[in-house]
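Since the structure comes first, as structure tokens, the remarks are kept for the end.
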Amino acid sequence: MAANKKLLMLPGDGIGPEVMKQVQAIIEWMDRRRHVTFDVTQDLVGGAAIDKHGTSLADETLDQAMNVDAVLLGAVGGPKWDGVARDIRPEAGLLKLRKEMDLFANLRPATVLPAMAKASSLKEELVSGLDMLIVRELTGGVYFGQPRGIETLPDGTRKAVDTQVYTEGEIERVCRLAFELAGKRSNRLHSVEKANVMETGVLWRAVATEVGKDFPNIELNHMYADNCAMQLVRRPKQFDVIVTDNLFGDILSDCAAMLTGSLGMLPSASLGAADADGRRKALYEPVHGSAPDIAGQGIANPLAMIQSFAMCLKYSFDMGEDADLVEQACRNALDAGLRTADIMEAGTTKISTSQMGEAVTRELDKLAA
Ligand code: IPM
Ligand code: MG
């Protein structure tokens, strides 16, 4: 039997726990059917951790995260914690995890499944077959740059400062990974910044070009971020892999996500540097948030969380076949006309969060039979 694979589950807030439960069901299925054992521990993050520990990420939780093979995270945040101090708010726990684990590359695929092409807000022909990947730098830029803060000036008015800062090394490592990923796809990479107005953009473009010299087979295109936003809604299929900074990546990945018709469908992987054995620290989470408005009703779409687990199988455990199996099971459940409320359309059958989880497990049974 394969060695145990250590997973830390941080379901978090809102719909996080409901969708995470469906991943547990898939893990149980794998334990039973595929002879792999996962060693799963659970802990709190975000608002749930604030309620218990007074901080959105307890030191013990961070310790655990640093010592497992992969972390699965549901979602953080909700109106309940709107009033808490900024440095302990739910999002701070997530940012701290990313930073402390040094998860510098955030992979956000945006794929339009055949069964879902009609659900996009764009015309079907613009998005059908779309399969792109945004690689977002995740531990630098304006999210973490110093100085930052709000101060009161001598005249009594306030001034706020955020700092966009990137070192060559930070740009280099994320670009290199993006080139490598592009090499496993269609050999095309768009590097996105605003070199026309920002110094960090000038450096980003220069470093991307230099890294590109190591990848002569990959076609590198540079694009300004505003143009990229426009091109994403104009002709999204021109893109294969996009690499960009933390803030542009945050914005552009939401935009790309919506092209697919539902935020509830999209997974993500956040990866650190590879060690000597090729292992990376990693965290997997859906792109969607905690959706407090529908939490606890059993109607959330668990497919983004389930597919995040599929990414975990692929990138952390080198279990590409099992990852494909899970993805195929999700597709089959959709092809069978099953839909959670967020992706419901005429002629399909509305089911709950747990029913979607069961449908995926049933499809897994059929695929593995
Ligand atoms: C995301 C989210 C986070 C971010 C928030 C919750 C801090 O929007 O993962 O895209 O801005 O990075
Ligand atoms: Mg975001």
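Quick note on naming: the chains in the structure tokens go A, B, ... in the order shown, residues restart at 1 in each chain, and ligands are numbered from 1 in order of appearance.
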
Using only C-alpha atoms and all ligand atoms, find each protein or nucleic acid residue lying at most 7 Å from ligand 2; present the set as a short mmCIF file (atom, residue, chain, number, x, y, z; two decimals) with N, CA, C and O atoms, in the first residue's frame.
data_model
loop_
_atom_site.label_atom_id
_atom_site.label_comp_id
_atom_site.auth_asym_id
_atom_site.auth_seq_id
_atom_site.Cartn_x
_atom_site.Cartn_y
_atom_site.Cartn_z
N ASP A 250 -5.47 38.67 -9.47
CA ASP A 250 -6.71 38.59 -8.69
C ASP A 250 -7.88 39.03 -9.57
O ASP A 250 -8.90 38.35 -9.66
N ILE A 251 -7.70 40.14 -10.25
CA ILE A 251 -8.79 40.73 -11.04
C ILE A 251 -9.05 39.91 -12.31
O ILE A 251 -10.19 39.54 -12.61
N ASP A 254 -10.82 36.53 -11.79
CA ASP A 254 -12.27 36.61 -11.59
C ASP A 254 -12.97 36.78 -12.93
O ASP A 254 -14.02 36.18 -13.20
#

Open item on the list: Around ligand 1, which protein and nucleic acid residues have at least one atom no more than 10 Å from it, if we count only C-alpha atoms and all ligand atoms? List them as a ChimeraX atom specification.
Closed with: /A:75-77,89-95,98,106,108,136,138-139,143,246-247,249-254,268,270,285-290

Near region 158-179 of chain A, 12 Å: region 12-118 of chain A residue rows, closest pairs, only C-alpha atoms, as CSV:
residue,atom,partner,partner_atom,distance
A:Asp102,CA,A:Glu170,CA,10.8
A:Leu103,CA,A:Val174,CA,10.1
A:Phe104,CA,A:Val174,CA,6.8
A:Ala105,CA,A:Val174,CA,5.8
A:Asn106,CA,A:Val174,CA,9.0
A:Leu107,CA,A:Ala178,CA,9.0
A:Arg108,CA,A:Ala178,CA,11.6

- [ ] Write out as a PyMOL selection string all residues of region 119-308 of chain A that backbone DSSP assigns to helix (DSSP H, G or I).
- [x] chain A and resi 119+124-127+141-143+168-183+199-212+225-234+236-238+246-259+263-265+303-308

Task: Shell around Val241 (chain A) at 9 Å using only C-alpha atoms, local window under 3 positions removed, as an MDAnalysis selection string - done: chainID A and resid 109 132:135 178:179 181:182 185:191

How would the residues just chosen look if you wrote them out with N, CA and C atoms as a compact mmCIF listing (two decimals), in the first residue's frame?
# COMPACT_ATOMS: atom_id res chain seq x y z
N PRO A 109 -7.11 27.64 -13.41
CA PRO A 109 -7.61 27.25 -14.73
C PRO A 109 -9.01 27.80 -14.96
N MET A 132 -8.09 27.70 -20.47
CA MET A 132 -6.92 28.54 -20.23
C MET A 132 -6.49 28.44 -18.77
N LEU A 133 -5.29 28.95 -18.52
CA LEU A 133 -4.73 28.86 -17.17
C LEU A 133 -4.10 30.20 -16.81
N ILE A 134 -4.57 30.79 -15.72
CA ILE A 134 -3.92 32.00 -15.23
C ILE A 134 -2.95 31.60 -14.12
N VAL A 135 -1.70 32.04 -14.27
CA VAL A 135 -0.71 31.83 -13.22
C VAL A 135 -0.48 33.19 -12.56
N ALA A 178 5.49 29.30 -15.08
CA ALA A 178 4.47 29.52 -16.13
C ALA A 178 4.97 29.01 -17.48
N PHE A 179 6.26 29.25 -17.77
CA PHE A 179 6.82 28.72 -19.03
C PHE A 179 6.77 27.20 -19.02
N LEU A 181 4.72 25.26 -17.42
CA LEU A 181 3.34 24.81 -17.60
C LEU A 181 2.89 25.01 -19.04
N ALA A 182 3.28 26.13 -19.64
CA ALA A 182 2.92 26.38 -21.05
C ALA A 182 3.51 25.28 -21.93
N ARG A 185 1.32 22.45 -22.25
CA ARG A 185 0.02 22.73 -22.87
C ARG A 185 0.27 23.06 -24.34
N SER A 186 -0.08 24.31 -24.76
CA SER A 186 0.07 24.56 -26.20
C SER A 186 1.23 25.50 -26.54
N ASN A 187 2.22 25.60 -25.63
CA ASN A 187 3.44 26.36 -25.92
C ASN A 187 3.22 27.84 -26.19
N ARG A 188 2.19 28.39 -25.55
CA ARG A 188 1.97 29.83 -25.70
C ARG A 188 1.80 30.46 -24.33
N LEU A 189 2.46 31.61 -24.13
CA LEU A 189 2.38 32.28 -22.84
C LEU A 189 2.19 33.78 -23.06
N HIS A 190 1.21 34.34 -22.35
CA HIS A 190 1.05 35.80 -22.31
C HIS A 190 1.54 36.29 -20.95
N SER A 191 2.47 37.23 -20.97
CA SER A 191 2.93 37.86 -19.73
C SER A 191 2.24 39.22 -19.65

Open item on the list: Which of region 13-234 of chain A end up as strand (DSSP E) when DSSP is run on this backbone - answer as a VMD selection string?
Closed with: chain A and resid 38 to 42 70 to 75 105 to 111 131 to 137 149 to 152 158 to 161 188 to 193 219 to 224

Could you save the residues just selected, with C-alpha atoms, as a PDB file, in the first residue's frame?
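To be explicit, this is the file written out as result_3.pdb:
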ATOM      1  CA  PHE A  38      -4.954   9.783   3.116  1.00  0.00           C
ATOM      2  CA  ASP A  39      -4.034  10.907   6.565  1.00  0.00           C
ATOM      3  CA  VAL A  40      -6.480  13.764   7.047  1.00  0.00           C
ATOM      4  CA  THR A  41      -6.514  16.313   9.854  1.00  0.00           C
ATOM      5  CA  GLN A  42      -8.903  19.238  10.168  1.00  0.00           C
ATOM      6  CA  ALA A  70      -0.972  19.506   1.004  1.00  0.00           C
ATOM      7  CA  VAL A  71      -3.573  21.844   2.457  1.00  0.00           C
ATOM      8  CA  LEU A  72      -7.174  21.935   1.256  1.00  0.00           C
ATOM      9  CA  LEU A  73      -8.976  25.165   2.059  1.00  0.00           C
ATOM     10  CA  GLY A  74     -12.705  25.903   1.720  1.00  0.00           C
ATOM     11  CA  ALA A  75     -13.315  29.641   1.968  1.00  0.00           C
ATOM     12  CA  ALA A 105       2.407  30.607  -7.833  1.00  0.00           C
ATOM     13  CA  ASN A 106      -1.368  30.480  -7.961  1.00  0.00           C
ATOM     14  CA  LEU A 107      -2.733  28.357 -10.799  1.00  0.00           C
ATOM     15  CA  ARG A 108      -6.269  29.238 -11.808  1.00  0.00           C
ATOM     16  CA  PRO A 109      -7.606  27.249 -14.728  1.00  0.00           C
ATOM     17  CA  ALA A 110     -10.699  28.510 -16.532  1.00  0.00           C
ATOM     18  CA  THR A 111     -12.264  25.722 -18.502  1.00  0.00           C
ATOM     19  CA  ASP A 131      -9.316  26.017 -21.687  1.00  0.00           C
ATOM     20  CA  MET A 132      -6.919  28.537 -20.230  1.00  0.00           C
ATOM     21  CA  LEU A 133      -4.731  28.864 -17.175  1.00  0.00           C
ATOM     22  CA  ILE A 134      -3.915  31.996 -15.229  1.00  0.00           C
ATOM     23  CA  VAL A 135      -0.708  31.834 -13.223  1.00  0.00           C
ATOM     24  CA  ARG A 136      -0.937  34.556 -10.616  1.00  0.00           C
ATOM     25  CA  GLU A 137       2.050  35.650  -8.517  1.00  0.00           C
ATOM     26  CA  GLY A 149      -1.055  52.241   5.907  1.00  0.00           C
ATOM     27  CA  ILE A 150      -3.379  55.142   6.487  1.00  0.00           C
ATOM     28  CA  GLU A 151      -2.055  58.218   8.256  1.00  0.00           C
ATOM     29  CA  THR A 152      -3.457  61.564   9.239  1.00  0.00           C
ATOM     30  CA  ARG A 158      -5.949  61.299   5.736  1.00  0.00           C
ATOM     31  CA  LYS A 159      -3.508  59.677   3.333  1.00  0.00           C
ATOM     32  CA  ALA A 160      -3.376  55.989   2.373  1.00  0.00           C
ATOM     33  CA  VAL A 161      -0.352  54.204   0.946  1.00  0.00           C
ATOM     34  CA  ARG A 188       1.968  29.831 -25.704  1.00  0.00           C
ATOM     35  CA  LEU A 189       2.382  32.284 -22.839  1.00  0.00           C
ATOM     36  CA  HIS A 190       1.055  35.801 -22.308  1.00  0.00           C
ATOM     37  CA  SER A 191       2.931  37.863 -19.733  1.00  0.00           C
ATOM     38  CA  VAL A 192       0.684  40.619 -18.436  1.00  0.00           C
ATOM     39  CA  GLU A 193       1.680  43.876 -16.684  1.00  0.00           C
ATOM     40  CA  GLU A 219       5.811  31.779 -27.938  1.00  0.00           C
ATOM     41  CA  LEU A 220       5.905  34.669 -25.472  1.00  0.00           C
ATOM     42  CA  ASN A 221       3.548  37.614 -25.866  1.00  0.00           C
ATOM     43  CA  HIS A 222       3.548  40.695 -23.653  1.00  0.00           C
ATOM     44  CA  MET A 223       0.234  42.399 -22.988  1.00  0.00           C
ATOM     45  CA  TYR A 224      -0.876  45.347 -20.869  1.00  0.00           C
TER      46      TYR A 224
END

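Distances to Ala256 (chain A) were evaluated for A:Leu232, A:Cys312, A:Leu203, A:Leu44 using only C-alpha atoms, and the minimum falls at A:Leu232.
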
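CA of Met305 (chain A) is positioned 28.2 Å from CA of Ala225 (chain A).
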
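Minimum atom-to-atom distance to Phe309 (chain A), evaluated using only C-alpha atoms, belongs to A:Gln24 out of A:Gln24, A:Asp275, A:His35, A:Leu263.
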